[in-house]
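The structure appears below as structure tokens.
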Amino acid sequence: MSRRRNLGLVLGLSLLGVVVVIAVLAPILFKTGADELGQRFAPPSADHWLGTDAAGHDVLLRSLVATRLTLLMTVAATAIAVALGVLLGTSVWLMPRRLRELCLRAIDAMVAFPGLLLALVVAAVLGAGGSSAVIAIGVAGIPYFARLTGNLAAKVSQREFVSTARLLGVSPVRIAFRHLLPNMSEPLLVLSASTFAGTLTAISALSFVGLGVQSPSYDWGKLLNEALPSLLADRPFQLVGPAVLIVVTGLAAVLIGDGLAAAANPRAARTAAGGASTRRTSQGTPRDGYLVDVQELSIEYDGKQLVKGISFGIRQGEILGIVGESGSGKTLTAMALAQLLPDGLISNATRMTLGDLDLLGPVPPGLMAQTVGLVYQDPGSTFNPALRMGTQLTEVLRTHRRLGAQAARRRIIDALGTVRLSKPEQRMKQHPHELSGGMRQRAMIAAALATEPRLIIADEPTTALDVTVQAEILRELKRLNSEFGTSIMVISHDIGVVRALCHRVIVMYQGKAVEEIEAAHLTVASAQHSYTKALLEATPELTLENSHG
Amino acid sequence: MAHAAVAEHRSTSPWLHFAVRRLIGLAAIFLVLLVVSFLIVQLIPGDPAAGLAGANADLADIERIRHQLGLDQPLWQRFIDYAGGVLSGDLGTSFMYRQPVLTIIENRLPFTATIALAGIAIVLLVAIPLGMLIGVLTQGGRRKWLDTGFGFVTGFLDSVPGYVMATFLVVMFALGIGVLPLFPPAYTPRFGSASFVLPIAAIVIGPICTVSRVVRRETAVVLGNDYQRTAHGWRLPAWKRYIKWALPNLLTSTLTVSGLVLTGLIGGAVVIESVFALPGLGSGIIKAILDRDYPVIQAMVIVIGMIAALINLLVDILLGLIDERTLGGSHVSA
Amino acid sequence: MLRQFAVPVALVAAVGVVVAGCGGPASSGSRDTLGMSLNTDPATFDPALAKGGDDYTVARLLFDTVVRKDEGNTLAGGIASEWKAIDASNYTFTIRAGLKCSDGSAITPSVVAASLTRFAAKDTGSSGRTLATGSAKATFTPDDTAGTVKAALSKPWSDFLTGLTLPQAGIVCPAGLADLKGLAAGTVKGAFSGPYTLTSSQAAVSYQLTLRDDYSAWPTFAQPLEGKPAKQLNLMPITDIATIATQMLSGSLDVGGVNDENVVRFADNSQFTSTTAANTTTYLLFNERPGTVFADRPDLRAAVAQAIDAQAFSDIISGKRGTTIATVGSDKVACVNTNKQLLVAADAAAAKATLTGVKFRIVGTTLLRGGNEYIGEALRKAGAKVTVSSLDNANWATVTAAGGKDWDINVQGDNNQLGTLTSSLLRVMGPATENGGRNKMGLVNDEGYGHVQKAMSEVDKSAQCAALQGAQKSFLQRVDAIPLATLPTTVITASGVGIRKFDDYIDPATVRITD
């Protein structure tokens with residue numbers, strides 16, 4: 001995986017390396033040759049590989065010598081844009097609220113104005129020349145960077161450590177340097193790399209209209225500009241040198257930018273569940289009395305065993321808890337059961353069935369959706385932020401039960417009523433962010449219920465919720481279990497939650513089931529395994545007295 | 001994270017609030033452009049009167065022209081005249097053409113509007129599906145060759161200077177070297193709308209590469225989100241997961257970036273217009289700068305600035321339609 | 001305008017291919033409309049105020065002059081059927097009978113005199129005034145019954161008749177003189193005396209000129225024009241020369257100015273005819289105002305000449321189309337010096353000995369950018385410390401006309417529309433620009449200027465030439481200017497379209513459809 005990221009990055013860095021070497025050496029080695037006046041308009045030959053220009057200069061040598069100036073100018077312009085943009089963007093964020101809003105609006109207005117035209121006007125004011133081109137392009141890039149820095153600063157400054165620092169009276173400047181900038185450095189670096197590519201073409205565009213570097217200096221833009229009349233007039237080769245160097249350098253910057261971005265965003269590395277169907281069948285002997293029967297389930301990734309041969313069963317109407325610290329393999333076990341293992345993970349078992357469904361083999365999605373309901377931990381992100389609740393909740397029914405919009409709506413409103421979500425009709429029209437965490441989790445449970453599944457898998461259903469809301473949700477699950485007799489598998493790291501909710505508990509540790517115990521016996525005294533004992537000792541008692549009332 | 005209480009407060013029509021706020025914003029941008037456009041032309045070196053007087057003029061001629069143009073008035077007086085004129089819809093008279101600036105802009109605007117609007121539509125219609133497709137195909141580190149190849153090709157096309165790309169298209173598709181001469185090489189009334197094909201092609205290639213790379217990256221991020229896992233858990237079919245679930249979320253971040261790329265597209269038009277002889281605003285502002293045609297520069301700065309602001313507003317409205325939450329603030333600052 | 005484009009926006013992607021497929025080169029079928037390129041928009045439609053090449057083009061098409069330039073430095077009849085120089089100060093014109101303005105009113109001697117009086121008035125500010133009348137004041141007296149106009153100059157100026165061929169001297173009909181603002185904007189329908197009227201004008205997009213039905217003042221060239229005039233001319237401003245050439249090749253244009261090495265794209269192509277005229281000349285001109293580097297330093301000026309290769313300069317600025325010259329005018333101008341012996345010979349070593357360490361500033365226009373940079377490079381190789389500024393036309397005109405000490409060498413490009421030497425000679429001698437003259441060099445050079453004044457008082461050609469030769473010898477010996485090269489104008493015409501050239505003047509009003 002990391003090798004893939006690096007391919008682009010490595011290619012980018014090596015291209016840039018070549019260009020930098022040219023920039024360093026060419027002016028030393030070829031300066032005299034590049035200034036010599038030979039035969040004019042000469043075609044490519046052994047003496048002049050890319051021919052000569054109208055004045056008789058060797059085009060190749062001039063293109064190489066121009067590398068240094070071009071790179072320096074591009075770096076300088078990028079530096080102006082980045083440094084002043086970051087300064088502006090950060091300081092805006094440290095201003096009083098009203099002033100900040102005003103400044104952000106002003107930056108908006110500037111960002112909206114096309115950069116190249118801004119640069120043109122600035123260059124016209126400063127007069128033609130290399131340094132004014134650098135300033136013009138740099139200045140034109142400031143608003144963009146100020147805005148991006150503003151955005152990043154907004155995100156970072158909402159984090160706890162910044163608010164804490166503020167409350168402690170740490171000076172704004174110190175906050176900026178100690179907290180804001182270090183946390184923004186990575187995205188800013190990525191953006192700088194791609195800005196570099198843009199700056200390169202922008203500077204050559206200024207040369208195109210004659211506002212760039214002036215004689216006797218020359219950069220790629222100027223050479224390109226000089227070569228333009230000849231492009232169609234039978235001498236296209238004069239353009240080749242500067243054009244190739246511009247493209248190579250731009251490409252290098254783009255590849256480096258993309259490579260850095262990919263490296264900085266590990267989330268993109270391993271994503272959604274594959275749902276790849278396996279072509280195996282369960283072999284082990286079925287065990288009586290269990291709705292779910294899992295035998296010798298092991299899960300491995302990249303040759304490493306994450307779950308090491310776990311066996312368990314869930315009875316009809318039973319709530320089974322799986323408890324363990326993160327990395328113990330409990331979620332993977334549940335996901336394997338739900339056929340939702342992430343890409344690259346390989347599961348093996350002698351038997352994995354749910355009623356008469358063989359979960360080791362392919363199961364039609366519709367049947368699966370109606371057999372297993374899922375409830376996730378709610379970090380506010382289990383629902384699609386862009387869609388209304390109604391649209392999302394009815395989707396399962398419309399897809400798998402082929403219900404019409406109205407019928408699906410009625411069913412979901414009923415289900416929302418069942419999980420005692422207030423004002424279900426209104427909730428359907430709202431977006432997820434308009435609901436509280438507890439409301440969303442009730443809605444999630446309703447969605448899981450709507451298909452009348454035989455098993456609900458709840459993966460850390462209360463972890464992200466307030467303590468009081470936590471209790472309500474647990475009570476709800478318990479009530480549904482007793483009212484509808486649905487089997488539930490609860491995954492949690494919180495032994496208190498499990499003890500309060502479940503009938504039976506499996507304790508997982510390092511990919512193994514170390515203990516299986518009735519919830520009622522889950523006390524320090526009766527637990528067998530030392531890990532279970534340790535867990536219990538660290539957990540306060542949580543009771544759900546009202547749930548049976 | 002937002003709470004239910006916030007929801008209640010928001011439901012008092014976010015669109016109305018949005019409209020009021022953005023109208024004030026537009027007015028502010030207009031005022032800024034008005035002042036800046038006036039001041040900046042004062043800084044441009046060179047005397048417009050001398051340019052108009054021509055190579056054979058003597059100093060008395062130049063002085064006479066200065067008077068005709070009102071350049072001998074004090075600065076504040078000129079600003080008041082200018083601002084008053086602009087606010088009453090009179091953008092002044094071009095020094096160069098001796099025509100109302102409004103007429104000149106009306107002549108040029110359709111060309112820029114045509115390539116910019118068609119360009120924006122094409123960029124979005126091509127880049128979003130392309131980027132998504134690549135994002136989906138390469139998710140979870142699959143098809144490394146495709147990922148690398150895509151980055152390489154788009155990076156390459158993105159780095160080709162506008163003039164070279166435009167000329168290449170002319171050589172390939174207009175002069176018939178390599179391919180048939182399909183399209184007219186430059187704007188000419190004789191060929192009408194076909195004249196716009198190559199300029200639009202030339203102007204969209206870069207932005208398509210930029211935007212599709214952004215979409216590709218965003219796709220990876222969006223597909224990694226929990227709600228995609230939810231959709232998976234609900235066993236929704238693939239097209240529903242990508243189109244209905246992922247796309248709207250992709251659009252929020254994509255349009256945010258695209259808004260900027262697209263205003264940049266107007267800037268890129270400067271070079272394209274020159275190659276294809278399109279008499280648009282981009283080449284107009286360069287000519288006006290070279291001519292020191294103050295009223296035209298001022299008007300073009302205002303018009304281009306307002307167009308850019310309107311494009312951004314349009315993007316925000318689109319975002320609002322997709323996801324009402326974004327109405328809270330401009331995408332530029334939110 | 002906006003509505004007109006709504007459809008293309010929607011259709012461009014889908015229909016574009018189809019439309020283009022139906023298009024194709026415009027040369028097929030009977031045509032009466034021609035497309036013609038301009039470099040940029042005409043700045044004015046008032047002929048008297050015309051200043052750039054494009055202004056002259058439209059002025060020539062819309063307004064006729066009393067006399068026209070013909071081959072071999074001769075004149076042809078225009079609005080006047082006969083013309084006579086009594087001496088260098090007094091002239092008589094016989095106006096053709098039955099000519100009409102575009103509003104149907106008659107072009108009488110009074111109309112002609114009123115228009116010429118305005119052209120020659122200092123307050124009008126015409127760039128052609130000093131070319132046509134020198135520093136003299138001109139009085140025009142019409143005689144409507146005799147059908148004549150008499151012109152009297154306060155001082156002799158034998159370029160007067162040639163001066164009246166300038167497009168700036170185009171006859172503006174009374175309707176135009178009554179509305180000068182409208183005249184400049186091209187909106188006065190009755191102002192035109194030439195073969196065409198301006199029927200539509202969209203700045204930066206196109207200008208549509210339509211042939212008049214009631215026009216009969218076709219000039220009487222020695223060799224008559226062939227073919228028929230186009231019923232309609234569409235003039236399109238296109239800045240990029242490569243684009244003009246591409247447009248010509250694809251059949252989108254019928255007449256195009258291709259003034260750089262892109263002309264090679266038409267070489268060996270029987271579909272196109274190219275017509276070249278060396279109407280622009282280039283030379284280095286020293287600032288010799290007191291206190292400047294080159295003031296009173298003929299040795300230093302000669303050293304600059306020794307360091308420069310005029311052929312290299314020529315190739316660079318014109319893409320190998322031009323030739324070197326031995327004076328400030330091109331070879332076809334009457335009375336030019338062609339004796340290269342009068343020029344300073346190249347001598348790199350001698351130049352280096354004199355120029356090493358000398359500091360000065362070169363200015364020139366962006367039009368000659370490559371040439372300016374070559375001059376700088378050559379002088380740097382000779383050891384001088386040089387800065388080169390290529391300024392846009394406006395800035396360049398301001399800087400070089402203001403006198404002062406801001407520049408030392410000017411790379412001067414003269415568009416010689418008159419086809420006489422005087423206009424360029426007066427750049428290097430006579431009254432300085434800051435004193436209302438044309439001289440950018442700054443010193444009068446009494447000897448040279450004396451020759452010019454003498455030439456302008458002679459009607460006899462050989463006497464005139466002798467004086468002009470003296471003037472040229474004078475500035476060449478003093479090395480006030482270093483002749484460089486011509487910068488030719490090349491006009492490409494598609495097959496079946498013709499245009500005529502008279503000496504070094506390509507007359508846009510001679511565009512004809514010949515097939």
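Residue numbering restarts at 1 for every chain of the structure tokens, chains are lettered A, B, ... in their displayed order, and ligands are numbered from 1 as they appear.
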
Would you pick out the contacts of range 180-192 of chain C at 10 Å or less, using only C-alpha atoms, so that residues sharing its chain but fewer than 4 positions from it are not included, and give the list as a compact mmCIF listing (two decimals) with C-alpha atoms, in the first residue's frame?
# COMPACT_ATOMS: atom_id res chain seq x y z
CA TYR B 97 -12.81 53.77 -28.81
CA ARG B 98 -14.74 56.89 -27.83
CA GLN B 99 -17.66 54.58 -27.30
CA PRO C 42 -9.53 51.19 -35.20
CA ALA C 43 -9.19 53.88 -32.56
CA THR C 44 -11.31 56.30 -34.55
CA PHE C 45 -13.29 56.55 -37.76
CA ASP C 46 -12.44 60.23 -38.15
CA PRO C 47 -9.84 60.14 -40.93
CA ALA C 48 -8.11 63.31 -39.78
CA LEU C 49 -7.49 61.78 -36.35
CA ALA C 50 -6.34 58.37 -37.63
CA ALA C 59 -10.18 55.61 -43.29
CA LEU C 61 -12.06 52.46 -47.33
CA LEU C 62 -14.57 54.97 -46.01
CA PHE C 63 -13.12 58.25 -47.21
CA ASP C 64 -11.55 59.21 -50.53
CA LYS C 100 -21.76 62.05 -54.12
CA CYS C 101 -21.48 61.66 -50.39
CA SER C 102 -23.02 58.61 -48.75
CA ASP C 103 -26.14 60.68 -47.94
CA GLY C 104 -26.60 61.54 -51.61
CA SER C 105 -25.42 65.15 -51.34
CA GLY C 170 -9.70 61.86 -46.53
CA ILE C 171 -12.60 64.10 -47.47
CA VAL C 172 -15.25 64.18 -44.75
CA CYS C 173 -18.71 65.11 -46.00
CA PRO C 174 -20.60 67.98 -44.33
CA ALA C 175 -22.74 65.63 -42.24
CA GLY C 176 -19.57 64.32 -40.59
CA TYR C 196 -17.83 51.91 -48.48
CA THR C 197 -20.06 52.89 -45.60
CA LEU C 198 -19.80 51.50 -42.08
CA THR C 199 -22.94 49.44 -41.58
CA SER C 200 -22.15 47.73 -38.31
CA SER C 201 -19.46 48.19 -35.74
CA ARG C 212 -22.21 52.15 -51.83

Practice prompt. Please provide the set of residues having any atom within 10 Å of Leu522 in chain A, restricted to only C-alpha atoms, with same-chain residues fewer than 2 positions apart removed, written as a ChimeraX atom specification.
Written response: /A:495-496,498-499,504-505,516-520,524-528,532-533,536

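Using only C-alpha atoms, the contacts of range 450-461 of chain A at a cut-off of 6 Å, with sequence neighbours closer than 3 positions omitted, comprise Gln370, Thr371, Val372, Gly373, Leu374, Val375, Tyr376, Gln377, Ala446, Ala447, Thr486, Ser487, Ile488, Met489, Val490, Ile491 and Ser492 of chain A.
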
Discussion item. Residues near Asp61 in chain B, anyone? I mean within 9 Å using only C-alpha atoms, not counting same-chain ones fewer than 5 positions away, as a PyMOL selection string.
Written reply: (chain B and resi 49-50+53+66) or (chain C and resi 123+125)

Item to complete: Choose the residue, out of A:Leu102, A:Leu206, A:Leu50, A:Val20, that has the smallest atom-to-atom separation from Leu239 in chain A; count only C-alpha atoms.
Response: A:Leu50

Item to complete: Using only C-alpha atoms, find which residues of chain A lie within 9 Å of chain C and jot them down as a ChimeraX atom specification.
Response: /A:35,40-41,53-56,128,210,214-216,226,228-234

Item to complete: Among the residues of range 150-360 of chain C, find those DSSP assigns to strand (DSSP E or B) from the backbone and print them as number ranges by chain.
Response: C: 150-153, 196-202, 206-211, 220, 228, 232-237, 255-257, 272-286, 324, 359-360

Export of prior selection with N, CA and C atoms as a compact mmCIF listing (two decimals), in the first residue's frame:
# COMPACT_ATOMS: atom_id res chain seq x y z
N LYS C 150 -8.33 75.93 -54.64
CA LYS C 150 -6.97 76.45 -54.65
C LYS C 150 -6.40 76.31 -53.25
N ALA C 151 -5.13 75.83 -53.17
CA ALA C 151 -4.48 75.71 -51.87
C ALA C 151 -3.27 76.61 -51.83
N ALA C 152 -3.14 77.38 -50.75
CA ALA C 152 -1.98 78.27 -50.61
C ALA C 152 -1.30 77.97 -49.29
N LEU C 153 0.04 77.72 -49.31
CA LEU C 153 0.79 77.46 -48.09
C LEU C 153 1.58 78.69 -47.71
N TYR C 196 -17.07 52.71 -49.45
CA TYR C 196 -17.83 51.91 -48.48
C TYR C 196 -18.46 52.79 -47.41
N THR C 197 -19.52 52.26 -46.80
CA THR C 197 -20.06 52.89 -45.60
C THR C 197 -19.95 51.86 -44.47
N LEU C 198 -19.89 52.39 -43.24
CA LEU C 198 -19.80 51.50 -42.08
C LEU C 198 -21.22 51.11 -41.69
N THR C 199 -21.56 49.84 -41.87
CA THR C 199 -22.94 49.44 -41.58
C THR C 199 -23.10 48.79 -40.22
N SER C 200 -22.03 48.24 -39.67
CA SER C 200 -22.15 47.73 -38.31
C SER C 200 -20.77 47.74 -37.67
N SER C 201 -20.75 48.07 -36.41
CA SER C 201 -19.46 48.19 -35.74
C SER C 201 -19.56 47.60 -34.35
N GLN C 202 -18.87 46.48 -34.13
CA GLN C 202 -18.81 45.88 -32.81
C GLN C 202 -17.36 45.88 -32.40
N SER C 206 -16.13 42.70 -34.89
CA SER C 206 -16.00 42.88 -36.32
C SER C 206 -16.61 44.21 -36.75
N TYR C 207 -16.14 44.66 -37.88
CA TYR C 207 -16.67 45.89 -38.48
C TYR C 207 -17.14 45.54 -39.87
N GLN C 208 -18.38 45.90 -40.15
CA GLN C 208 -18.94 45.53 -41.43
C GLN C 208 -19.04 46.77 -42.32
N LEU C 209 -18.39 46.68 -43.48
CA LEU C 209 -18.41 47.79 -44.43
C LEU C 209 -19.17 47.35 -45.68
N THR C 210 -20.09 48.22 -46.14
CA THR C 210 -20.91 47.86 -47.29
C THR C 210 -20.65 48.81 -48.45
N LEU C 211 -20.54 48.24 -49.64
CA LEU C 211 -20.26 49.03 -50.84
C LEU C 211 -21.45 49.95 -51.16
N THR C 220 -8.21 56.82 -60.77
CA THR C 220 -7.76 56.55 -62.14
C THR C 220 -6.31 56.16 -62.14
N LYS C 228 -13.96 42.92 -59.49
CA LYS C 228 -15.01 43.78 -58.96
C LYS C 228 -14.83 43.96 -57.45
N GLN C 232 -19.44 43.54 -49.65
CA GLN C 232 -19.33 43.74 -48.21
C GLN C 232 -17.95 43.30 -47.72
N LEU C 233 -17.39 44.09 -46.82
CA LEU C 233 -16.10 43.74 -46.21
C LEU C 233 -16.31 43.56 -44.72
N ASN C 234 -15.86 42.42 -44.19
CA ASN C 234 -15.90 42.25 -42.73
C ASN C 234 -14.49 42.36 -42.20
N LEU C 235 -14.26 43.41 -41.42
CA LEU C 235 -12.92 43.61 -40.86
C LEU C 235 -12.90 43.03 -39.45
N MET C 236 -11.94 42.13 -39.19
CA MET C 236 -11.90 41.49 -37.88
C MET C 236 -10.58 41.77 -37.19
N PRO C 237 -10.63 42.38 -36.03
CA PRO C 237 -9.38 42.65 -35.30
C PRO C 237 -8.82 41.36 -34.68
N VAL C 255 -8.34 38.21 -46.71
CA VAL C 255 -7.22 39.12 -46.78
C VAL C 255 -6.65 39.24 -45.37
N GLY C 256 -5.37 38.94 -45.19
CA GLY C 256 -4.81 38.98 -43.85
C GLY C 256 -3.40 39.53 -43.82
N GLY C 257 -3.10 40.31 -42.80
CA GLY C 257 -1.75 40.85 -42.63
C GLY C 257 -0.92 39.84 -41.84
N PHE C 272 -2.75 30.94 -52.36
CA PHE C 272 -2.60 32.25 -51.73
C PHE C 272 -1.57 33.10 -52.48
N THR C 273 -1.77 34.40 -52.46
CA THR C 273 -0.82 35.33 -53.05
C THR C 273 -0.31 36.22 -51.92
N SER C 274 0.97 36.47 -51.89
CA SER C 274 1.44 37.39 -50.87
C SER C 274 2.01 38.65 -51.50
N THR C 275 1.69 39.77 -50.90
CA THR C 275 2.12 41.08 -51.37
C THR C 275 2.89 41.74 -50.25
N THR C 276 4.12 42.11 -50.52
CA THR C 276 4.95 42.65 -49.45
C THR C 276 5.40 44.07 -49.79
N ALA C 277 5.34 44.92 -48.80
CA ALA C 277 5.79 46.30 -48.99
C ALA C 277 6.62 46.72 -47.79
N ALA C 278 7.76 47.32 -48.08
CA ALA C 278 8.67 47.71 -47.01
C ALA C 278 8.33 49.11 -46.54
N ASN C 279 7.15 49.24 -45.92
CA ASN C 279 6.73 50.61 -45.58
C ASN C 279 7.21 51.05 -44.21
N THR C 280 7.82 50.13 -43.45
CA THR C 280 8.35 50.54 -42.16
C THR C 280 9.87 50.40 -42.17
N THR C 281 10.54 51.42 -41.69
CA THR C 281 11.99 51.36 -41.62
C THR C 281 12.42 51.51 -40.18
N THR C 282 13.55 50.92 -39.86
CA THR C 282 14.05 51.00 -38.49
C THR C 282 15.46 51.56 -38.49
N TYR C 283 15.75 52.34 -37.49
CA TYR C 283 17.10 52.87 -37.32
C TYR C 283 17.32 53.22 -35.87
N LEU C 284 18.60 53.23 -35.46
CA LEU C 284 18.92 53.67 -34.11
C LEU C 284 19.07 55.17 -34.15
N LEU C 285 18.55 55.79 -33.11
CA LEU C 285 18.56 57.25 -33.08
C LEU C 285 19.11 57.66 -31.72
N PHE C 286 20.14 58.51 -31.73
CA PHE C 286 20.79 58.90 -30.47
C PHE C 286 20.13 60.12 -29.87
N THR C 324 18.41 45.25 -45.30
CA THR C 324 19.06 46.37 -44.61
C THR C 324 18.96 47.61 -45.48
N LYS C 359 28.07 53.50 -19.99
CA LYS C 359 26.73 53.13 -19.53
C LYS C 359 25.67 53.92 -20.26
N PHE C 360 24.67 53.24 -20.81
CA PHE C 360 23.54 53.97 -21.39
C PHE C 360 22.29 53.12 -21.45

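The residue that comes closest to Ser193 in chain B, out of B:Met165, B:Ile115, B:Leu23, B:Val221 and on the basis of only C-alpha atoms, is B:Ile115.
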
Worksheet entry | Proximal residues of chain A relative to chain B (only C-alpha atoms; 7 Å) as a PyMOL selection string | chain A and resi 1+4+8+104+108-109+112-117+124-125+147+151+197+201+247+250-251+254-255+267-273+343+365-366+369+374+381-384+386+396+399+433-436

Item to complete: Write down as a PyMOL selection string the residues of range 15-243 of chain C whose backbone DSSP state falls under alpha helix (DSSP H).
Response: chain C and resi 15-22+53-62+109-120+129-133+160-163+174-178+180-185+241-243

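With only C-alpha atoms as the atoms that count, the minimum distance from Val491 in chain C to the choices C:Gln472, C:Arg297, C:Gln477, C:Asp507 is reached by C:Asp507.
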
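From CA of Gln238 in chain A back to CA of Thr365 in chain C, the distance works out to 23.9 Å.
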
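Among the candidates B:Val20, B:Leu133, B:Ala116, B:Ile243, the one nearest to chain C when counting only C-alpha atoms is B:Ala116.
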
Discussion item. Considering only C-alpha atoms, can you say which of C:Ala138, C:Ala485, C:Val399, C:Val363 comes closest to chain B?
Written reply: C:Val399

Spatial neighbours of Tyr91 in chain C, max dist 12 Å, only C-alpha atoms, sep filter under 6 positions, as a compact mmCIF listing (two decimals) with N, CA and C atoms, in the first residue's frame:
# COMPACT_ATOMS: atom_id res chain seq x y z
N GLU C 82 -7.87 66.60 -61.82
CA GLU C 82 -6.60 67.20 -62.21
C GLU C 82 -6.02 67.93 -61.02
N TRP C 83 -4.70 68.05 -60.98
CA TRP C 83 -4.02 68.75 -59.90
C TRP C 83 -2.77 69.39 -60.47
N LYS C 84 -2.38 70.50 -59.89
CA LYS C 84 -1.27 71.23 -60.48
C LYS C 84 -0.51 71.98 -59.40
N ALA C 85 0.82 71.83 -59.41
CA ALA C 85 1.63 72.60 -58.48
C ALA C 85 2.14 73.82 -59.20
N ALA C 138 -2.00 76.31 -44.13
CA ALA C 138 -2.61 76.09 -45.45
C ALA C 138 -3.98 76.77 -45.52
N THR C 139 -4.24 77.42 -46.66
CA THR C 139 -5.55 78.03 -46.88
C THR C 139 -6.16 77.40 -48.12
N PHE C 140 -7.42 76.97 -48.03
CA PHE C 140 -8.08 76.34 -49.17
C PHE C 140 -9.23 77.23 -49.63
N THR C 141 -9.24 77.56 -50.92
CA THR C 141 -10.28 78.42 -51.44
C THR C 141 -11.07 77.68 -52.53
N THR C 148 -13.12 74.09 -58.88
CA THR C 148 -11.73 73.96 -58.43
C THR C 148 -11.57 74.33 -56.97
N VAL C 149 -10.46 73.86 -56.40
CA VAL C 149 -10.04 74.28 -55.06
C VAL C 149 -8.60 74.74 -55.18
N LYS C 150 -8.33 75.93 -54.64
CA LYS C 150 -6.97 76.45 -54.65
C LYS C 150 -6.40 76.31 -53.25
N ALA C 151 -5.13 75.83 -53.17
CA ALA C 151 -4.48 75.71 -51.87
C ALA C 151 -3.27 76.61 -51.83
N ALA C 152 -3.14 77.38 -50.75
CA ALA C 152 -1.98 78.27 -50.61
C ALA C 152 -1.30 77.97 -49.29
N LEU C 153 0.04 77.72 -49.31
CA LEU C 153 0.79 77.46 -48.09
C LEU C 153 1.58 78.69 -47.71
N PRO C 156 6.85 77.22 -48.39
CA PRO C 156 6.87 76.15 -49.39
C PRO C 156 6.95 74.77 -48.73
N TRP C 157 6.30 73.78 -49.35
CA TRP C 157 6.34 72.40 -48.85
C TRP C 157 5.99 71.49 -50.02
N SER C 158 7.02 71.03 -50.71
CA SER C 158 6.76 70.31 -51.95
C SER C 158 6.23 68.91 -51.74
N ASP C 159 6.18 68.42 -50.48
CA ASP C 159 5.53 67.14 -50.20
C ASP C 159 4.01 67.28 -50.15
N PHE C 160 3.51 68.51 -50.36
CA PHE C 160 2.09 68.78 -50.13
C PHE C 160 1.16 67.82 -50.90
N LEU C 161 1.43 67.67 -52.22
CA LEU C 161 0.53 66.84 -53.03
C LEU C 161 0.55 65.39 -52.54
N LEU C 164 -1.40 64.92 -49.47
CA LEU C 164 -2.87 64.81 -49.58
C LEU C 164 -3.32 63.41 -49.97
N VAL C 459 10.09 72.35 -56.62
CA VAL C 459 9.09 71.49 -57.25
C VAL C 459 9.80 70.53 -58.20

Neighbour list for Asp47 in chain B as a PDB file with N, CA and C atoms, in the first residue's frame, cut-off 8 Å, only C-alpha atoms, skip fewer than 4 positions in-chain:
ATOM      1  N   GLY B  51      -0.442  58.268 -25.190  1.00  0.00           N
ATOM      2  CA  GLY B  51      -0.688  57.125 -26.059  1.00  0.00           C
ATOM      3  C   GLY B  51      -1.715  57.464 -27.122  1.00  0.00           C
ATOM      4  N   ARG B 292      -3.861  51.904 -21.837  1.00  0.00           N
ATOM      5  CA  ARG B 292      -4.169  52.808 -20.731  1.00  0.00           C
ATOM      6  C   ARG B 292      -5.579  53.354 -20.848  1.00  0.00           C
TER       7      ARG B 292
ATOM      8  N   ALA C 394       2.446  53.445 -26.261  1.00  0.00           N
ATOM      9  CA  ALA C 394       2.090  54.677 -25.558  1.00  0.00           C
ATOM     10  C   ALA C 394       3.261  55.170 -24.718  1.00  0.00           C
ATOM     11  N   ASN C 395       3.828  54.230 -23.939  1.00  0.00           N
ATOM     12  CA  ASN C 395       4.935  54.592 -23.070  1.00  0.00           C
ATOM     13  C   ASN C 395       6.140  55.035 -23.874  1.00  0.00           C
ATOM     14  N   THR C 398       5.681  58.443 -25.237  1.00  0.00           N
ATOM     15  CA  THR C 398       5.815  59.441 -24.183  1.00  0.00           C
ATOM     16  C   THR C 398       7.283  59.678 -23.860  1.00  0.00           C
TER      17      THR C 398
END
